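In what follows, a structure is listed as C-alpha cells, so that the remarks can point back to it.
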Amino acid sequence: MDRLTTPAAWPSILLGRANAPDPTDLDAATRDGAFEGLRLAVRDLGPTGVIATVAASGLRGRGGAGFPTGEKWRTAASTEAPRRYVVANGYEADPATFTDRTLLELDPFSVVEGTLIAAYAVGASEAFIAVRAGEGEIIRRLEAAVADAEEAGFAGPDVLGSGHDIELRIRPVQGAYMLGEETVLLKALEGRRGQPEQRPPYPAARGLFGMPTVVQNVQTLAAVPWIIRNGAATYAAIGGPDSPGTVLVQVRTPVGEGIAEIPLGTTLRELVALAGSLPRGRKLKAILIGGPSGGLLPTDLLDTPFDYGPLRDAGAHLGSGSIVAADDRTCVVDLARLLTRYCSSEACGKSIPCRIGTRRLVEIADRIADGRPRHNDLGILVDLSSDIVGSALCDHERLTTLPLATGMRYFRSELDDHFLRSSCPAGVCHPIAVTAATTH
C-alpha cells in the first residue's frame, strides 16, 4: 500500500523510521532512537513513572474504542494476581485495510519496544504480539526483531539489568472478523472458540487465562517509546485536546488510495484531499468512516474532525482508520445493505439480537433496495436497530447498525426514492414495483 504525501508540518511518530532500508536492522534502528524509551523507562522512571507518563500524555487506544491507555495499565498493575500479560493486537480484522500491517512491516521494532515497555510497567512477565497467520513476511520480521532484542538484552531474562524477565512471543492467529474484538482475540490465544465475553470485568482486571491483561492495538504501543523519549507534554500538544497524538489512516477515493499518518483532529475534508480530487464531472456523495461497521456521512460534514468524540456524535467511529470517499455513482441504500450483510455474516452468533436481529436488518434492506418493501419496514428498521444496540454483547453487534442508521439519518431522500417510488437515483439498483393483488 502506497504512502500518501502529507504536509511537512504534520509530525511523524508512528512512521518516523519507516524509510529505513532494512526494517529488521537493529543497529540502524537504535541509532534512530529504538529502545531508548525502554532504557529511560527502566533507568529513570520505573513502572509507576512509566504509567504516570503515559497517562499524562493523554494517549488513547487506537483499536477504535479510544479508552485511556494509562488508566488501563493502572488497572492491570494494581490488580492482585500471580501473573499478568500484555497482548499487542496486530490482527487487523477489517477487510482490505492495511494500516497496522504497514506499521508492522516498516518498523517492527517500535511495536516490540512498546510492548516491552507496557509489560515492564504493569509487571507482566509474558507478552504476545498477535498477527494474522497468513502474514508470512510480517511474522518473519517480527520474529527477527524479537530475536535481536533478546540478544541485545532488551527482552528475555533480566531486561536491561532491571531484574524483570519479559518473554515476548509472536502469535499467529487464524480466524475471522470477530478477532478484532479484544475478548475474542484472548480466547483465540487460549485456543478456545472465538466469541466475546460480557464486560465487565474487563481484560485489564481479568483477561488471558483469567489474569490481568493489557490488550492494545499495535499503533497504541508503537507511540509509547516516543512518549517516553520526548515527554508527555510534547505528545499532549499534538492533535486534539481530548485526543492527542497521531494515527494511521487509509484513504480511498475513486482516483487513488494510500496510508498516511495524521494528527487526530484533522478534518475529513483534508483527509479526502490526500488521495486526490474526484474525476471530472463527478461529485462527492458520501464518506464511509470506520470500516464495514462504519457510518456513512454526507458532504456537509466534511469539516468534522477525525477524532473520537466528533465522529461518534456524527454516527461514525475511528475503527481501523479506514476512510472511503464515494462519488455520485454510488447508491447509499445498496452500499449500506452490503455493509450490513457483511457484518451480519461475520457475527459469531453468541447473542440472539446479533444472530437473528442483524439478519432481519439485511432482509429489510434487501426488500427496500429491490423495490418490494413492506409498509412498516422503516419503522421496524428503526426499532430493531435500537433493540440490537441496547442489548449488544460487544461492539461488533452495536456498530453493525451504523451503515443503515446513518443512511436513514443523512440520505433519507434516496431511501424514500427506493421505498416509495421504486427508483434508484444512482442507477445501481433495479427496483421492481410490486402491487398488491386484488382480492375478489
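The way I read the labels, and the way they are meant: chains A, B, ... in the order of the C-alpha cells, residue 1 as the first residue of every chain, and ligand 1 as the first ligand shown, with later ones counted on from there.
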Mind running segment 102-127 of chain A against segment 168-174 of chain A at 8 Å and telling me each contacting residue's nearest atom pair with the distance in Å (one decimal), counting only C-alpha atoms, chain and number ascending, as JSON lines?
```
{"residue": "A:Leu116", "atom": "CA", "partner": "A:Leu168", "partner_atom": "CA", "distance": 7.7}
{"residue": "A:Glu126", "atom": "CA", "partner": "A:Leu168", "partner_atom": "CA", "distance": 6.0}
{"residue": "A:Ala127", "atom": "CA", "partner": "A:Leu168", "partner_atom": "CA", "distance": 4.8}
```
Please produce an output containing N, CA and C atoms for each residue in the selection, written as a PDB file, in the first residue's frame.
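Final output, saved to again_7.pdb:
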```
ATOM      1  N   LEU A 116       7.257  -4.202  25.156  1.00  0.00           N
ATOM      2  CA  LEU A 116       8.155  -4.456  26.292  1.00  0.00           C
ATOM      3  C   LEU A 116       7.986  -3.395  27.384  1.00  0.00           C
ATOM      4  N   GLU A 126       5.111 -12.139  30.617  1.00  0.00           N
ATOM      5  CA  GLU A 126       4.863 -12.703  29.288  1.00  0.00           C
ATOM      6  C   GLU A 126       4.072 -11.697  28.466  1.00  0.00           C
ATOM      7  N   ALA A 127       4.451 -11.589  27.186  1.00  0.00           N
ATOM      8  CA  ALA A 127       3.758 -10.682  26.270  1.00  0.00           C
ATOM      9  C   ALA A 127       3.672 -11.341  24.900  1.00  0.00           C
TER      10      ALA A 127
END
```
Using DSSP on the backbone coordinates, identify all residues within segment 125-217 of chain A classified as helix (DSSP H, G or I); present the result as JSON, numbers by chain.
{"A": [136, 137, 138, 139, 140, 141, 142, 143, 144, 145, 146, 147, 148, 149, 150, 151, 159, 160, 161, 177, 178, 179, 180, 182, 183, 184, 185, 186, 187, 188, 189, 208, 209, 210]}
Given only C-alpha atoms as the counted atoms, nearest of A:Gly315, A:Pro305, A:Pro225, A:Gly207 to Leu185 of chain A:
A:Gly207
Which of these, A:Asn376, A:Thr401, A:Ser422, A:Thr99, has the shortest distance to Gly294 of chain A once you count only C-alpha atoms?
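Nearest to Gly294 of chain A: A:Thr401.
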Give me, as a Markdown table, each residue of segment 201-297 of chain A that comes within 12 Å of segment 61-64 of chain A, together with its shortest interatomic pair and the distance in Å at one decimal, counting only C-alpha atoms, with rows ordered by chain and rising residue number.
```
| residue | atom | partner | partner_atom | distance |
| --- | --- | --- | --- | --- |
| A:Val214 | CA | A:Gly61 | CA | 11.0 |
| A:Val215 | CA | A:Gly61 | CA | 9.3 |
| A:Gln216 | CA | A:Gly61 | CA | 6.5 |
| A:Asn217 | CA | A:Gly63 | CA | 5.1 |
| A:Val218 | CA | A:Arg62 | CA | 8.0 |
| A:Gln219 | CA | A:Arg62 | CA | 6.2 |
| A:Thr220 | CA | A:Arg62 | CA | 5.5 |
| A:Leu221 | CA | A:Gly61 | CA | 8.8 |
| A:Ala222 | CA | A:Arg62 | CA | 10.4 |
| A:Ala223 | CA | A:Arg62 | CA | 10.1 |
| A:Val224 | CA | A:Gly61 | CA | 11.2 |
| A:Ser243 | CA | A:Gly61 | CA | 9.9 |
| A:Pro244 | CA | A:Gly61 | CA | 11.0 |
| A:Gly245 | CA | A:Arg62 | CA | 10.4 |
| A:Thr246 | CA | A:Arg62 | CA | 9.5 |
| A:Val247 | CA | A:Arg62 | CA | 7.3 |
| A:Leu248 | CA | A:Arg62 | CA | 9.1 |
| A:Val249 | CA | A:Arg62 | CA | 10.9 |
| A:Leu264 | CA | A:Arg62 | CA | 10.8 |
| A:Ile289 | CA | A:Gly64 | CA | 11.4 |
| A:Gly290 | CA | A:Gly64 | CA | 8.4 |
| A:Gly291 | CA | A:Gly64 | CA | 10.6 |
| A:Ser293 | CA | A:Gly64 | CA | 11.4 |
| A:Gly294 | CA | A:Gly64 | CA | 10.9 |
```
For the residues in the current selection, export N, CA and C atoms as a compact mmCIF listing (two decimals), in the first residue's frame.
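As written to disk, part-v4.txt reads:
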```txt
# COMPACT_ATOMS: atom_id res chain seq x y z
N VAL A 214 -3.29 -6.48 29.61
CA VAL A 214 -3.36 -5.25 28.82
C VAL A 214 -3.43 -5.65 27.35
N VAL A 215 -4.54 -5.32 26.70
CA VAL A 215 -4.70 -5.57 25.27
C VAL A 215 -4.69 -4.22 24.57
N GLN A 216 -3.74 -4.01 23.68
CA GLN A 216 -3.62 -2.73 22.98
C GLN A 216 -3.38 -2.96 21.49
N ASN A 217 -3.94 -2.08 20.70
CA ASN A 217 -3.62 -2.08 19.28
C ASN A 217 -2.14 -1.75 19.09
N VAL A 218 -1.53 -2.28 18.04
CA VAL A 218 -0.10 -2.08 17.83
C VAL A 218 0.26 -0.60 17.65
N GLN A 219 -0.65 0.19 17.10
CA GLN A 219 -0.36 1.63 16.96
C GLN A 219 -0.25 2.31 18.32
N THR A 220 -1.09 1.90 19.25
CA THR A 220 -1.03 2.46 20.60
C THR A 220 0.33 2.20 21.22
N LEU A 221 0.78 0.96 21.14
CA LEU A 221 2.06 0.58 21.75
C LEU A 221 3.24 1.22 21.04
N ALA A 222 3.14 1.39 19.72
CA ALA A 222 4.25 1.99 18.98
C ALA A 222 4.46 3.45 19.35
N ALA A 223 3.42 4.11 19.85
CA ALA A 223 3.55 5.52 20.25
C ALA A 223 4.24 5.67 21.61
N VAL A 224 4.23 4.62 22.43
CA VAL A 224 4.73 4.72 23.80
C VAL A 224 6.22 5.06 23.86
N SER A 243 -7.87 14.19 22.50
CA SER A 243 -7.32 13.00 21.84
C SER A 243 -5.98 13.37 21.20
N PRO A 244 -4.92 13.40 22.00
CA PRO A 244 -3.62 13.82 21.46
C PRO A 244 -3.01 12.76 20.56
N GLY A 245 -1.98 13.19 19.82
CA GLY A 245 -1.17 12.27 19.05
C GLY A 245 -1.60 12.09 17.62
N THR A 246 -1.02 11.08 17.00
CA THR A 246 -1.29 10.77 15.60
C THR A 246 -1.89 9.38 15.46
N VAL A 247 -2.41 9.11 14.27
CA VAL A 247 -2.98 7.80 13.98
C VAL A 247 -2.77 7.52 12.50
N LEU A 248 -2.72 6.26 12.14
CA LEU A 248 -2.61 5.88 10.73
C LEU A 248 -4.00 5.74 10.13
N VAL A 249 -4.17 6.31 8.94
CA VAL A 249 -5.44 6.19 8.22
C VAL A 249 -5.17 5.63 6.84
N LEU A 264 -4.62 13.51 15.11
CA LEU A 264 -6.03 13.44 15.43
C LEU A 264 -6.61 14.84 15.45
N ILE A 289 -16.74 6.05 7.15
CA ILE A 289 -15.71 6.17 8.17
C ILE A 289 -15.83 5.00 9.15
N GLY A 290 -14.78 4.19 9.27
CA GLY A 290 -14.75 3.17 10.30
C GLY A 290 -14.85 1.74 9.81
N GLY A 291 -14.73 1.50 8.50
CA GLY A 291 -14.77 0.13 8.01
C GLY A 291 -16.17 -0.37 7.76
N SER A 293 -18.45 -1.63 9.55
CA SER A 293 -19.46 -1.22 10.53
C SER A 293 -19.40 0.28 10.79
N GLY A 294 -18.91 1.02 9.81
CA GLY A 294 -18.76 2.45 9.97
C GLY A 294 -20.00 3.22 9.60
```
Select, from A:Gly295, A:Pro203, A:Pro212, A:Pro431, the residue with the minimum atom-to-atom distance to Ser125 of chain A, counting only C-alpha atoms.
A:Pro212
Looking only at strand (DSSP E or B) from DSSP on the backbone, list the matching residues of segment 17-116 of chain A as a ChimeraX atom specification.
/A:60,68,85-90
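Neighbouring residues of Ala124 of chain A at 10 Å or closer, counting only C-alpha atoms and skipping chain neighbours under 3 positions away, are Ala76, Ala77, Pro82, Arg83, Arg84, Tyr85, Val86, Leu116, Ile117, Ala118, Ala119, Tyr120, Ala121, Ala127, His164, Asp165, Ile166, Glu167, Pro212, Thr213 and Val214 of chain A.
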Just write the chosen residues, N, CA and C atoms, as an mmCIF file, in the first residue's frame.
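That gives us again02.cif:
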```cif
data_model
loop_
_atom_site.group_PDB
_atom_site.id
_atom_site.type_symbol
_atom_site.label_atom_id
_atom_site.label_comp_id
_atom_site.auth_asym_id
_atom_site.auth_seq_id
_atom_site.Cartn_x
_atom_site.Cartn_y
_atom_site.Cartn_z
ATOM 1 N N ALA A 76 -4.426 -2.902 35.395
ATOM 2 C CA ALA A 76 -3.712 -4.177 35.308
ATOM 3 C C ALA A 76 -2.618 -4.271 36.357
ATOM 4 N N ALA A 77 -1.898 -3.174 36.565
ATOM 5 C CA ALA A 77 -0.783 -3.192 37.514
ATOM 6 C C ALA A 77 -1.261 -3.311 38.954
ATOM 7 N N PRO A 82 -1.208 -13.622 40.417
ATOM 8 C CA PRO A 82 0.106 -14.264 40.382
ATOM 9 C C PRO A 82 0.916 -13.918 39.145
ATOM 10 N N ARG A 83 0.232 -13.499 38.052
ATOM 11 C CA ARG A 83 0.962 -13.103 36.850
ATOM 12 C C ARG A 83 0.063 -12.183 36.002
ATOM 13 N N ARG A 84 0.688 -11.489 35.083
ATOM 14 C CA ARG A 84 -0.013 -10.569 34.206
ATOM 15 C C ARG A 84 0.503 -10.748 32.784
ATOM 16 N N TYR A 85 -0.293 -10.272 31.814
ATOM 17 C CA TYR A 85 0.073 -10.409 30.404
ATOM 18 C C TYR A 85 -0.129 -9.082 29.674
ATOM 19 N N VAL A 86 0.583 -8.954 28.559
ATOM 20 C CA VAL A 86 0.344 -7.869 27.602
ATOM 21 C C VAL A 86 0.145 -8.502 26.234
ATOM 22 N N LEU A 116 7.257 -4.202 25.156
ATOM 23 C CA LEU A 116 8.155 -4.456 26.292
ATOM 24 C C LEU A 116 7.986 -3.395 27.384
ATOM 25 N N ILE A 117 7.822 -2.132 26.996
ATOM 26 C CA ILE A 117 7.613 -1.070 27.991
ATOM 27 C C ILE A 117 6.310 -1.305 28.742
ATOM 28 N N ALA A 118 5.255 -1.697 28.018
ATOM 29 C CA ALA A 118 3.971 -1.979 28.672
ATOM 30 C C ALA A 118 4.110 -3.136 29.655
ATOM 31 N N ALA A 119 4.805 -4.189 29.242
ATOM 32 C CA ALA A 119 4.991 -5.352 30.124
ATOM 33 C C ALA A 119 5.787 -4.958 31.366
ATOM 34 N N TYR A 120 6.829 -4.173 31.187
ATOM 35 C CA TYR A 120 7.625 -3.709 32.327
ATOM 36 C C TYR A 120 6.767 -2.867 33.275
ATOM 37 N N ALA A 121 5.943 -1.991 32.725
ATOM 38 C CA ALA A 121 5.158 -1.071 33.541
ATOM 39 C C ALA A 121 4.108 -1.784 34.387
ATOM 40 N N ALA A 127 4.451 -11.589 27.186
ATOM 41 C CA ALA A 127 3.758 -10.682 26.270
ATOM 42 C C ALA A 127 3.672 -11.341 24.900
ATOM 43 N N HIS A 164 13.739 -7.706 35.899
ATOM 44 C CA HIS A 164 12.421 -8.105 35.402
ATOM 45 C C HIS A 164 12.590 -8.942 34.137
ATOM 46 N N ASP A 165 11.989 -10.123 34.122
ATOM 47 C CA ASP A 165 12.041 -11.008 32.947
ATOM 48 C C ASP A 165 10.799 -10.774 32.099
ATOM 49 N N ILE A 166 10.985 -10.640 30.775
ATOM 50 C CA ILE A 166 9.846 -10.497 29.849
ATOM 51 C C ILE A 166 10.054 -11.426 28.665
ATOM 52 N N GLU A 167 9.225 -12.431 28.590
ATOM 53 C CA GLU A 167 9.249 -13.339 27.433
ATOM 54 C C GLU A 167 8.257 -12.814 26.401
ATOM 55 N N PRO A 212 -4.930 -10.519 34.871
ATOM 56 C CA PRO A 212 -4.958 -9.147 34.349
ATOM 57 C C PRO A 212 -4.157 -9.053 33.050
ATOM 58 N N THR A 213 -4.773 -8.473 32.021
ATOM 59 C CA THR A 213 -4.156 -8.446 30.696
ATOM 60 C C THR A 213 -4.368 -7.088 30.045
ATOM 61 N N VAL A 214 -3.286 -6.485 29.607
ATOM 62 C CA VAL A 214 -3.360 -5.255 28.815
ATOM 63 C C VAL A 214 -3.430 -5.652 27.347
#
```
Quick one: of A:Asp107, A:Glu71, A:Leu4, A:Glu182, who's nearest to Asn89 of chain A, counting only C-alpha atoms?
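Residue with the minimum atom-to-atom distance to Asn89 of chain A: A:Glu182.
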Exercise: Leu103 of chain A partners within 12 Å, only C-alpha atoms, chain neighbours under 2 positions left out, as a CSV table (one decimal) with N, CA and C atoms, in the first residue's frame:
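Full text of selection.csv as output:
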```csv
chain,number,residue,atom,x,y,z
A,1,MET,N,0.8,-1.2,0.0
A,1,MET,CA,0.0,0.0,0.0
A,1,MET,C,0.9,1.2,0.0
A,3,ARG,N,2.2,5.1,0.4
A,3,ARG,CA,2.1,6.1,1.5
A,3,ARG,C,1.7,7.5,0.8
A,13,ILE,N,5.3,10.2,14.2
A,13,ILE,CA,5.6,9.5,15.4
A,13,ILE,C,5.6,8.0,15.2
A,14,LEU,N,4.6,7.5,14.5
A,14,LEU,CA,4.5,6.1,14.2
A,14,LEU,C,5.4,5.6,13.1
A,15,LEU,N,5.5,6.5,12.1
A,15,LEU,CA,6.3,6.1,10.9
A,15,LEU,C,7.6,6.9,10.8
A,16,GLY,N,8.1,7.3,11.9
A,16,GLY,CA,9.4,8.1,11.9
A,16,GLY,C,10.6,7.3,11.3
A,17,ARG,N,10.6,6.0,11.5
A,17,ARG,CA,11.7,5.2,10.9
A,17,ARG,C,11.2,4.4,9.7
A,18,ALA,N,10.1,4.8,9.1
A,18,ALA,CA,9.6,3.9,8.0
A,18,ALA,C,10.4,3.9,6.8
A,19,ASN,N,11.3,4.8,6.6
A,19,ASN,CA,12.1,4.8,5.4
A,19,ASN,C,13.5,4.1,5.5
A,23,PRO,N,14.1,-2.7,7.7
A,23,PRO,CA,13.4,-2.5,9.0
A,23,PRO,C,13.8,-3.5,10.1
A,90,GLY,N,-2.3,-7.0,16.5
A,90,GLY,CA,-1.9,-6.6,15.1
A,90,GLY,C,-2.7,-7.4,14.1
A,92,GLU,N,-5.7,-6.9,12.8
A,92,GLU,CA,-6.3,-6.0,11.8
A,92,GLU,C,-7.4,-6.8,11.0
A,98,PHE,N,-4.9,-1.9,5.7
A,98,PHE,CA,-3.5,-2.2,5.9
A,98,PHE,C,-2.7,-1.2,6.8
A,99,THR,N,-3.4,-0.5,7.7
A,99,THR,CA,-2.7,0.5,8.5
A,99,THR,C,-1.8,-0.2,9.5
A,100,ASP,N,-2.3,-1.2,10.3
A,100,ASP,CA,-1.5,-1.9,11.2
A,100,ASP,C,-0.4,-2.7,10.5
A,101,ARG,N,-0.7,-3.3,9.4
A,101,ARG,CA,0.3,-4.1,8.7
A,101,ARG,C,1.4,-3.3,8.2
A,105,GLU,N,5.3,-3.9,9.1
A,105,GLU,CA,6.3,-4.1,8.1
A,105,GLU,C,7.4,-3.1,8.1
A,106,LEU,N,7.1,-1.8,8.3
A,106,LEU,CA,8.1,-0.8,8.2
A,106,LEU,C,8.8,-0.5,9.4
A,107,ASP,N,8.3,-0.8,10.6
A,107,ASP,CA,9.0,-0.6,11.8
A,107,ASP,C,8.6,-1.5,12.9
A,108,PRO,N,9.0,-2.8,12.8
A,108,PRO,CA,8.6,-3.8,13.8
A,108,PRO,C,9.2,-3.5,15.2
A,109,PHE,N,10.4,-2.8,15.2
A,109,PHE,CA,11.0,-2.5,16.5
A,109,PHE,C,10.2,-1.6,17.4
A,110,SER,N,9.4,-0.7,16.7
A,110,SER,CA,8.6,0.2,17.5
A,110,SER,C,7.5,-0.5,18.3
A,111,VAL,N,6.9,-1.5,17.7
A,111,VAL,CA,5.9,-2.3,18.3
A,111,VAL,C,6.5,-3.2,19.4
A,112,VAL,N,7.7,-3.8,19.1
A,112,VAL,CA,8.4,-4.7,20.0
A,112,VAL,C,8.7,-3.8,21.3
A,138,ILE,N,5.4,-10.4,7.6
A,138,ILE,CA,5.3,-9.7,8.8
A,138,ILE,C,5.8,-10.5,10.0
A,141,ARG,N,9.6,-10.7,10.0
A,141,ARG,CA,10.2,-9.5,10.5
A,141,ARG,C,10.1,-9.4,12.0
A,142,LEU,N,8.9,-9.7,12.5
A,142,LEU,CA,8.7,-9.5,14.0
A,142,LEU,C,9.5,-10.6,14.7
A,217,ASN,N,-3.9,-2.1,20.7
A,217,ASN,CA,-3.6,-2.1,19.3
A,217,ASN,C,-2.1,-1.8,19.1
A,218,VAL,N,-1.5,-2.3,18.0
A,218,VAL,CA,-0.1,-2.1,17.8
A,218,VAL,C,0.3,-0.6,17.6
A,219,GLN,N,-0.6,0.2,17.1
A,219,GLN,CA,-0.4,1.6,17.0
A,219,GLN,C,-0.3,2.3,18.3
A,220,THR,N,-1.1,1.9,19.3
A,220,THR,CA,-1.0,2.5,20.6
A,220,THR,C,0.3,2.2,21.2
A,221,LEU,N,0.8,1.0,21.1
A,221,LEU,CA,2.1,0.6,21.8
A,221,LEU,C,3.2,1.2,21.0
A,222,ALA,N,3.1,1.4,19.7
A,222,ALA,CA,4.2,2.0,19.0
A,222,ALA,C,4.5,3.4,19.3
A,223,ALA,N,3.4,4.1,19.9
A,223,ALA,CA,3.6,5.5,20.3
A,223,ALA,C,4.2,5.7,21.6
A,247,VAL,N,-2.4,9.1,14.3
A,247,VAL,CA,-3.0,7.8,14.0
A,247,VAL,C,-2.8,7.5,12.5
A,248,LEU,N,-2.7,6.3,12.1
A,248,LEU,CA,-2.6,5.9,10.7
A,248,LEU,C,-4.0,5.7,10.1
A,249,VAL,N,-4.2,6.3,8.9
A,249,VAL,CA,-5.4,6.2,8.2
A,249,VAL,C,-5.2,5.6,6.8
A,259,ILE,N,-1.9,5.1,2.6
A,259,ILE,CA,-1.8,5.2,4.0
A,259,ILE,C,-1.1,6.5,4.4
A,260,ALA,N,-1.6,7.1,5.4
A,260,ALA,CA,-1.0,8.4,5.9
A,260,ALA,C,-1.0,8.4,7.4
A,261,GLU,N,0.0,9.0,8.0
A,261,GLU,CA,0.0,9.3,9.5
A,261,GLU,C,-0.5,10.7,9.7
```
Non-local contacts of Asp242 of chain A (9 Å; only C-alpha atoms; under 5 positions in same chain excluded) as a list in words:
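In the requested format, the answer is Gly58, Ala236, Asp307, Tyr308 and Gly309 of chain A.
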Would you export the selected residues with N, CA and C atoms as a tab-separated table (two decimals), in the first residue's frame, please?
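Printed below is selection13.tsv as written:
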```tsv
chain	number	residue	atom	x	y	z
A	58	GLY	N	-2.11	11.57	27.60
A	58	GLY	CA	-3.45	11.53	27.02
A	58	GLY	C	-3.62	10.46	25.95
A	236	ALA	N	1.10	15.45	24.27
A	236	ALA	CA	-0.23	16.00	24.54
A	236	ALA	C	-0.50	17.25	23.71
A	307	ASP	N	-11.75	12.41	14.94
A	307	ASP	CA	-11.49	12.31	16.37
A	307	ASP	C	-12.63	11.51	16.99
A	308	TYR	N	-12.35	10.92	18.13
A	308	TYR	CA	-13.32	10.00	18.74
A	308	TYR	C	-14.68	10.64	18.96
A	309	GLY	N	-14.72	11.74	19.70
A	309	GLY	CA	-16.00	12.35	20.05
A	309	GLY	C	-16.78	12.89	18.87
```
How far is it from atom CA of Thr299 of chain A to atom CA of Ala275 of chain A, in Å with one decimal?
16.3 Å
In terms of only C-alpha atoms, the residue from A:Gly114, A:Gly175, A:Pro241, A:Gly379 at minimal distance from Glu346 of chain A is A:Gly175
Counting only C-alpha atoms, figure out which residue out of A:Trp226, A:Phe35, A:Tyr410, A:Phe67 gets nearest to Ala286 of chain A.
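Selected residue with least distance to Ala286 of chain A: A:Tyr410.
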Which polymer residues have any atom within 9 Å of an atom of Cys424 of chain A, counting only C-alpha atoms, with same-chain residues fewer than 6 positions away left out, as a list in words?
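Once the nearby chain positions are removed, what remains is Cys331, Val333, Ala369, Glu414, Leu415, Asp417, His418, His430 and Pro431 of chain A.
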Any chance you can output those residues with C-alpha atoms as a compact mmCIF listing (two decimals), in the first residue's frame?
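See part33.txt below for the written result:
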```txt
# COMPACT_ATOMS: atom_id res chain seq x y z
CA CYS A 331 -26.19 4.11 -4.23
CA VAL A 333 -29.01 2.17 0.04
CA ALA A 369 -33.25 -1.97 -2.49
CA GLU A 414 -32.54 8.41 -1.51
CA LEU A 415 -34.07 5.86 0.83
CA ASP A 417 -36.89 7.01 -3.64
CA HIS A 418 -36.38 3.27 -3.19
CA HIS A 430 -33.11 -2.08 -10.28
CA PRO A 431 -36.16 -1.98 -8.06
```
Residue contacts of segment 45-55 of chain A (8 Å, only C-alpha atoms) excluding same-chain residues fewer than 3 positions away, as a list in words:
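With the cut-off at 8 Å, the set is Leu40, Ala41, Val42, Gly58, Leu59, Pro68, Thr69, Gly70, Glu71, Trp73, Arg74, Tyr120, Ala121, Val122, Gly123, Val224, Ile227, Ile228, Gly231 and Ala232 of chain A.
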Go ahead and dump the residues you just picked, N, CA and C atoms, as a compact mmCIF listing (two decimals), in the first residue's frame.
```txt
# COMPACT_ATOMS: atom_id res chain seq x y z
N LEU A 40 15.11 4.47 29.18
CA LEU A 40 14.67 5.53 30.08
C LEU A 40 13.64 5.01 31.07
N ALA A 41 12.75 4.13 30.58
CA ALA A 41 11.72 3.57 31.46
C ALA A 41 12.35 2.79 32.62
N VAL A 42 13.34 1.97 32.29
CA VAL A 42 13.98 1.13 33.31
C VAL A 42 14.91 1.95 34.20
N GLY A 58 -2.11 11.57 27.60
CA GLY A 58 -3.45 11.53 27.02
C GLY A 58 -3.62 10.46 25.95
N LEU A 59 -2.64 9.57 25.80
CA LEU A 59 -2.73 8.52 24.78
C LEU A 59 -3.97 7.67 24.99
N PRO A 68 -8.61 5.41 27.59
CA PRO A 68 -7.33 5.96 28.04
C PRO A 68 -6.32 4.86 28.38
N THR A 69 -5.17 4.91 27.76
CA THR A 69 -4.16 3.85 27.91
C THR A 69 -3.61 3.79 29.34
N GLY A 70 -3.30 4.94 29.91
CA GLY A 70 -2.74 4.95 31.26
C GLY A 70 -3.67 4.34 32.29
N GLU A 71 -4.98 4.59 32.12
CA GLU A 71 -5.96 4.02 33.05
C GLU A 71 -6.01 2.50 32.95
N TRP A 73 -3.52 0.53 32.00
CA TRP A 73 -2.29 -0.01 32.57
C TRP A 73 -2.34 0.03 34.10
N ARG A 74 -2.91 1.11 34.64
CA ARG A 74 -3.01 1.24 36.09
C ARG A 74 -3.86 0.13 36.68
N TYR A 120 6.83 -4.17 31.19
CA TYR A 120 7.63 -3.71 32.33
C TYR A 120 6.77 -2.87 33.27
N ALA A 121 5.94 -1.99 32.72
CA ALA A 121 5.16 -1.07 33.54
C ALA A 121 4.11 -1.78 34.39
N VAL A 122 3.46 -2.80 33.82
CA VAL A 122 2.37 -3.46 34.56
C VAL A 122 2.85 -4.71 35.30
N GLY A 123 4.12 -5.08 35.14
CA GLY A 123 4.64 -6.24 35.84
C GLY A 123 4.32 -7.55 35.16
N VAL A 224 4.23 4.62 22.43
CA VAL A 224 4.73 4.72 23.80
C VAL A 224 6.22 5.06 23.86
N ILE A 227 6.69 8.72 23.37
CA ILE A 227 6.21 9.49 24.53
C ILE A 227 7.26 9.48 25.64
N ILE A 228 7.85 8.32 25.91
CA ILE A 228 8.86 8.23 26.97
C ILE A 228 10.08 9.07 26.61
N GLY A 231 8.57 13.04 26.20
CA GLY A 231 7.80 13.61 27.29
C GLY A 231 6.31 13.65 27.02
N ALA A 232 5.55 13.53 28.10
CA ALA A 232 4.09 13.51 27.98
C ALA A 232 3.54 14.82 27.45
```
Please indicate the distance in Å from atom CA of Asp2 of chain A to atom CA of Arg229 of chain A, rounded to one decimal place.
28.6 Å
In Å, with one decimal, what is the gap from atom CA of Arg39 of chain A to atom CA of Val146 of chain A?
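That distance, rounded to one decimal, is 16.3 Å.
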